[in-house]
Amino acid sequence: MKAWVPLLLRLGLLALLVAFLSNPLWFEPVLRPLTQNGAPAIYNQGSLSSLAFQHLRTVAIATAAAIVVAVALAILVTRPAGAEFLPLSRSLVNIGQTFPPVAVLALAVPAVGFGEKPTLIALFLYGLLPIFENTLTGLTTTPANVVEAARGAGMTGWQRLLKIELPLSLPVILAGIRLSVVISLATATIGSTVAAKTLGEVIIAGLQSNNLAFVLQGGLIVAALAVLIYDALTALERMAARRMGQVPAAG
Amino acid sequence: MGIRFDKLGVVIAAIAGYGAFLAPFATFRANRIVAGEPRSVLEALPSPVGLVLLAILVAAGLVALFRTPLAARLGASALALAVLALLIGNAGAYLTPEGNTFARVSPASGFWLLIFAFTLLLADVLTRLQLSPAGRVVLLGMAAAAIWLLLASGQWDSLSILKEYANRADSFWNEATRHVQLALGSLAAAVLVGIPLGILCHRVEALRAGVLNVLNIVQTIPSIALFGILIAPLGWVAANIPGASALGIRGIGAAPAFVALFLYSLLPVVANTVVGLAGVPRAANDAARGMGMTGAQRLWGVEFPLAFPVVLTGIRIVLVQNIGLATIAALIGGGGFGVFVFQGVGQTAMDLVLLGAVPTVALAFAAAIILDAVVEHVATRRSTTVAA
């Protein structure tokens with residue numbers, strides 16, 4: 001297949017998504033056949049574009065916080081001072097990932113009440129795991145001879161971390177961030193069941209009023225967003241890998 | 001200086017100290033949805049029992065705080081967890097007024113922090129012990145037996161989560177069955193389709209990138225969105241293809257949930273089959289060819305057995321993921337433990353949420369431990385037979 005075909009498909013999807021969000025009424029005739037008894041075909045209890053914006057904002061805030069904390073923790077446990085925590089933190093990540101995101105979301109509600117907060121907390125906690133795991137992998141698999149060479153060149157621990165270890169780990173860390181964002185986009189959708197303003201609201205409203213048009217447009221918008229963001233992050237990851245002179249990982 | 005602090009122990013002792021002395025041990029509510037009143041350890045338990053609990057917790061905290069032998073840390077964490085699990089039931093019985101069926105007692109933040117702190121200690125000890133796969137499964141079985149004993153003895157019956165259970169014991173087991181059916185059924189379907197598809201992708205290079213890309217995109221789509229997208233086509237199939245609705249295929253309900261879980265499961269199975277087959281050493285394949293084995297004989301006699309541990313890792317990922325995702329099926333009427341989670345969220349009855357969430361987490365956790373053990377067992381057996 002020619003290289004520009006996938007790119008063209010993605011640009012087309014992006015254009016369609018932007019068109020739908022900015023002017024959903026254009027698509028009314030397409031969705032009309034899915035409704036019954038004259039129910040509205042386009043979500044009418046709020047603007048789709050502002051829901052999409054709030055959805056993305058929630059994911060962005062939670063992911064940003066998760067990146068800062070997860071990378072800091074991974075740096076801590078890979079330094080000599082924190083080495084005692086390394087084996088346990090590995091097990092904790094494994095155990096933590098068996099917790100379904102929905103359970104984390106639902107269990108955050110008694111602690112902080114309904115609304116945006118439980119969603120942010122669930123996204124943050126669950127988002128930590130893949131980023132922490134990948135940062136740990138990156139920092140513990142930096143080739144020993146490179147680190148030795150840096151030490152021989154008289155670099156301090158901080159310099160080695162900032163100039164050698166973190167840049168070399170960047171592609172793996174980015175892969176972790178991508179995983180975390182994809183999970184967060186999905187969990188934020190379910191966040192609307194605890195009254196967070198996200199695109200999940202459209203799907204849930206459709207399910208409750210038996211309106212297939214709502215369910216489908218909500219589902220398709222969330223799916224398109226997730227696929228486009230996943231692709232963009234994959235491209236970013238390839239770029240980072242190429243800059244580090246590594247062969248980009250497949251998939 | 002003879003006595004040295006354990007760094008992790010400082011964290012554990014701090015969490016446990018806060019949980020035992022500053023945070024509430026149990027919450028008392030006049031009925032199931034009103035706001036709760038906090039009760040500390042000494043308020044939630046008859047005073048001699050409360051004092052004994054605090055003494056045990058302090059002793060276990062001290063064992064964690066200082067550098068102590070692994071056996072002592074193992075004993076301290078197991079004892080603290082056992083006593084906490086036992087006495088939270090006593091708190092329920094002690095706080096509930098005689099004959100009052102509306103009052104609810106549930107574990108509060110202090111209890112959960114204590115459990116968290118000593119689970120950390122136990123997890124650290126177990127990680128350091130580097131148990132064999134069989135050892136881990138035995139330990140899981142012992143923990144499950146202990147929990148079953150506590151449940152069967154009625155020790156926890158006065159706790160709110162079990163009162164929620166008592167009100168819906170029948171539907172609990174129905175939803176549990178449905179949950180397991182969804183998770184395991186979609187896994188079985190994915191294995192039946194995914195392994196041949198993976199083998200095909202391994203053999204036909206032109207197919208590989210396309211199939212894996214499509215499955216990757218499917219995996220990216222959030223679950224509730226995929227469930228929703230599938231409602232329309234399955235509804236159409238049910239309405240237009242004779243016999244489909246008799247098979248239970250419907251727009252909403254278990255069918256779209258099953259199909260969505262199946263689609264999610266395909267990527268790890270197919271991708272791991274491809275990776276596993278690609279990792280088969282060329283020498284093994286050449287030797288088999290030299291012995292005059294046909295293509296099919298080589299595949300099932302040499303390549304697939306060598307790739308099997310990697311395929312199994314894919315199955316482990318799918319099973320844990322499906323157990324979690326099956327919770328979402330409740331939103332489209334597909335049943336499963338999610339029913340209790342979302343009902344509980346709707347009624348702001350958090351113990352009902354727990355009734356759905358706790359078994360889901362326990363199932364996923366048990367599945368992860370068992371399958372990890374199987375993967376490790378198969379992988380080590382393979383490497384020893386190859387070496388021999």
# chains A, B, ... in the order shown; residues from 1 in each chain; ligands from 1
$ residues_around --residues "B:Arg316" --least-positions-apart "3" --cutoff "9 Å" --atoms "only C-alpha atoms" --output "list of chain:residue names"
B:Val311, B:Leu312, B:Thr313, B:Leu319, B:Val320, B:Gln321, B:Ala367, B:Ala368, B:Leu371, B:Asp372, B:Val375
$ interface_residues --of "chain B" --to "chain A" --cutoff "8 Å" --atoms "only C-alpha atoms" --output "PyMOL selection string"
chain B and resi 7-8+120+123-124+127-128+212-213+216-217+220-226+228-229+231-232+320-321+323-325+327-328+331-332+341-342+345+350+353-354+357+360-361+364-365+368
$ residues_around --residues "A:Leu73" --least-positions-apart "4" --cutoff "10 Å" --atoms "only C-alpha atoms" --output "number ranges by chain"
A: 67-69, 77-78, 82, 85, 89, 128, 132, 135-136
$ closest_residue --among "A:Ala196, A:Ala149, A:Leu139, A:Val181" --to "A:Thr119" --atoms "only C-alpha atoms"
A:Ala196
$ closest_residue --among "B:Tyr94, B:Val310, B:Ile252, B:Thr273" --to "B:Pro233" --atoms "only C-alpha atoms"
B:Ile252
$ residues_around --residues "stretch 102-111 of chain B" --least-positions-apart "3" --cutoff "9 Å" --atoms "only C-alpha atoms" --output "VMD selection string"
(chain A and resid 111) or (chain B and resid 16 18 to 32 36 38 to 41 84 88 91 to 93 95 to 97 114 to 116 158 to 161 163 351)
$ residues_around --residues "stretch 167-175 of chain B" --least-positions-apart "2" --cutoff "9 Å" --atoms "only C-alpha atoms" --output "list in words"
Leu162, Lys163, Glu164, Tyr165, Thr177, Arg178, His179, Val180, Gly335, Gly336, Phe337, Gly338, Val339, Phe340, Leu355 and Gly356 of chain B
$ select_by_dssp --residues "stretch 43-273 of chain B" --states "helix (DSSP H, G or I)" --output "PyMOL selection string"
chain B and resi 43-44+47-65+70-95+109-129+133-153+160-167+169-203+205-220+223-240+245-247+254-273
$ atom_distance --atom1 "atom CA of A:Ala205" --atom2 "atom CA of B:Ser245"
25.4 Å
$ residues_around --residues "stretch 184-187 of chain B" --least-positions-apart "3" --cutoff "6 Å" --atoms "only C-alpha atoms" --output "number ranges by chain"
B: 180-181, 190, 258, 261-262
$ write_last_selection --atoms "C-alpha atoms" --output "CSV table (one decimal), in the first residue's frame"
chain,number,residue,atom,x,y,z
B,180,VAL,CA,-17.7,-15.3,34.0
B,181,GLN,CA,-19.5,-16.4,30.9
B,190,ALA,CA,-11.0,-15.3,20.5
B,258,PHE,CA,-19.9,-10.6,23.9
B,261,LEU,CA,-15.1,-8.4,24.3
B,262,PHE,CA,-14.3,-10.9,21.5
$ select_by_dssp --residues "stretch 16-229 of chain B" --states "strand (DSSP E)" --output "list in words"
Ala26, Thr27, Phe28, Arg29, Glu37, Pro38, Arg39, Arg104, Val105, Ser106 and Pro107 of chain B
$ residues_around --residues "B:Leu150" --least-positions-apart "4" --cutoff "12 Å" --atoms "only C-alpha atoms" --output "ChimeraX atom specification"
/B:82-90,143-146,154-157,162
$ write_last_selection --atoms "N, CA and C atoms" --output "PDB file, in the first residue's frame"
ATOM      1  N   ALA B  82      -4.939 -10.725  59.367  1.00  0.00           N
ATOM      2  CA  ALA B  82      -5.944 -11.674  59.857  1.00  0.00           C
ATOM      3  C   ALA B  82      -6.770 -11.052  60.967  1.00  0.00           C
ATOM      4  N   VAL B  83      -6.101 -10.382  61.917  1.00  0.00           N
ATOM      5  CA  VAL B  83      -6.833  -9.784  63.041  1.00  0.00           C
ATOM      6  C   VAL B  83      -7.765  -8.688  62.549  1.00  0.00           C
ATOM      7  N   LEU B  84      -7.290  -7.874  61.598  1.00  0.00           N
ATOM      8  CA  LEU B  84      -8.143  -6.810  61.051  1.00  0.00           C
ATOM      9  C   LEU B  84      -9.371  -7.408  60.380  1.00  0.00           C
ATOM     10  N   ALA B  85      -9.161  -8.451  59.551  1.00  0.00           N
ATOM     11  CA  ALA B  85     -10.278  -9.061  58.826  1.00  0.00           C
ATOM     12  C   ALA B  85     -11.293  -9.651  59.803  1.00  0.00           C
ATOM     13  N   LEU B  86     -10.788 -10.241  60.873  1.00  0.00           N
ATOM     14  CA  LEU B  86     -11.674 -10.867  61.863  1.00  0.00           C
ATOM     15  C   LEU B  86     -12.457  -9.806  62.638  1.00  0.00           C
ATOM     16  N   LEU B  87     -11.754  -8.772  63.121  1.00  0.00           N
ATOM     17  CA  LEU B  87     -12.374  -7.841  64.063  1.00  0.00           C
ATOM     18  C   LEU B  87     -13.285  -6.814  63.400  1.00  0.00           C
ATOM     19  N   ILE B  88     -13.130  -6.576  62.078  1.00  0.00           N
ATOM     20  CA  ILE B  88     -14.057  -5.637  61.442  1.00  0.00           C
ATOM     21  C   ILE B  88     -15.475  -6.205  61.544  1.00  0.00           C
ATOM     22  N   GLY B  89     -15.585  -7.550  61.541  1.00  0.00           N
ATOM     23  CA  GLY B  89     -16.881  -8.185  61.730  1.00  0.00           C
ATOM     24  C   GLY B  89     -17.424  -7.911  63.133  1.00  0.00           C
ATOM     25  N   ASN B  90     -16.536  -8.000  64.152  1.00  0.00           N
ATOM     26  CA  ASN B  90     -16.958  -7.690  65.522  1.00  0.00           C
ATOM     27  C   ASN B  90     -17.455  -6.257  65.626  1.00  0.00           C
ATOM     28  N   ALA B 143      -5.419 -17.967  50.899  1.00  0.00           N
ATOM     29  CA  ALA B 143      -6.114 -16.702  51.145  1.00  0.00           C
ATOM     30  C   ALA B 143      -7.594 -16.839  50.803  1.00  0.00           C
ATOM     31  N   ALA B 144      -7.885 -17.505  49.672  1.00  0.00           N
ATOM     32  CA  ALA B 144      -9.284 -17.696  49.279  1.00  0.00           C
ATOM     33  C   ALA B 144     -10.024 -18.526  50.318  1.00  0.00           C
ATOM     34  N   ALA B 145      -9.352 -19.588  50.835  1.00  0.00           N
ATOM     35  CA  ALA B 145      -9.997 -20.433  51.840  1.00  0.00           C
ATOM     36  C   ALA B 145     -10.280 -19.634  53.108  1.00  0.00           C
ATOM     37  N   ALA B 146      -9.333 -18.785  53.520  1.00  0.00           N
ATOM     38  CA  ALA B 146      -9.538 -17.984  54.721  1.00  0.00           C
ATOM     39  C   ALA B 146     -10.726 -17.051  54.556  1.00  0.00           C
ATOM     40  N   GLY B 154     -20.186 -16.442  59.025  1.00  0.00           N
ATOM     41  CA  GLY B 154     -21.118 -15.379  59.387  1.00  0.00           C
ATOM     42  C   GLY B 154     -20.461 -14.250  60.162  1.00  0.00           C
ATOM     43  N   GLN B 155     -19.126 -14.298  60.271  1.00  0.00           N
ATOM     44  CA  GLN B 155     -18.403 -13.268  61.013  1.00  0.00           C
ATOM     45  C   GLN B 155     -18.632 -11.877  60.421  1.00  0.00           C
ATOM     46  N   TRP B 156     -18.799 -11.807  59.098  1.00  0.00           N
ATOM     47  CA  TRP B 156     -18.939 -10.504  58.435  1.00  0.00           C
ATOM     48  C   TRP B 156     -20.409 -10.136  58.182  1.00  0.00           C
ATOM     49  N   ASP B 157     -21.356 -10.987  58.630  1.00  0.00           N
ATOM     50  CA  ASP B 157     -22.749 -10.772  58.248  1.00  0.00           C
ATOM     51  C   ASP B 157     -23.310  -9.425  58.674  1.00  0.00           C
ATOM     52  N   LEU B 162     -22.373  -7.173  53.074  1.00  0.00           N
ATOM     53  CA  LEU B 162     -23.039  -8.477  53.106  1.00  0.00           C
ATOM     54  C   LEU B 162     -24.542  -8.345  53.304  1.00  0.00           C
TER      55      LEU B 162
END
$ closest_residue --among "A:Ile75, A:Leu48, A:Ile61, A:Ala235" --to "A:Gly127" --atoms "only C-alpha atoms"
A:Ile61
$ closest_residue --among "A:Pro167, A:Arg57, A:Gln159, A:Lys197" --to "A:Arg242" --atoms "only C-alpha atoms"
A:Pro167
$ closest_residue --among "A:Met239, A:Val147, A:Val172, A:Leu13" --to "A:Arg160" --atoms "only C-alpha atoms"
A:Val147
$ atom_distance --atom1 "atom CA of B:Glu376" --atom2 "atom CA of B:Val211"
28.8 Å
$ atom_distance --atom1 "atom CA of A:Ser180" --atom2 "atom CA of A:Ile131"
6.8 Å
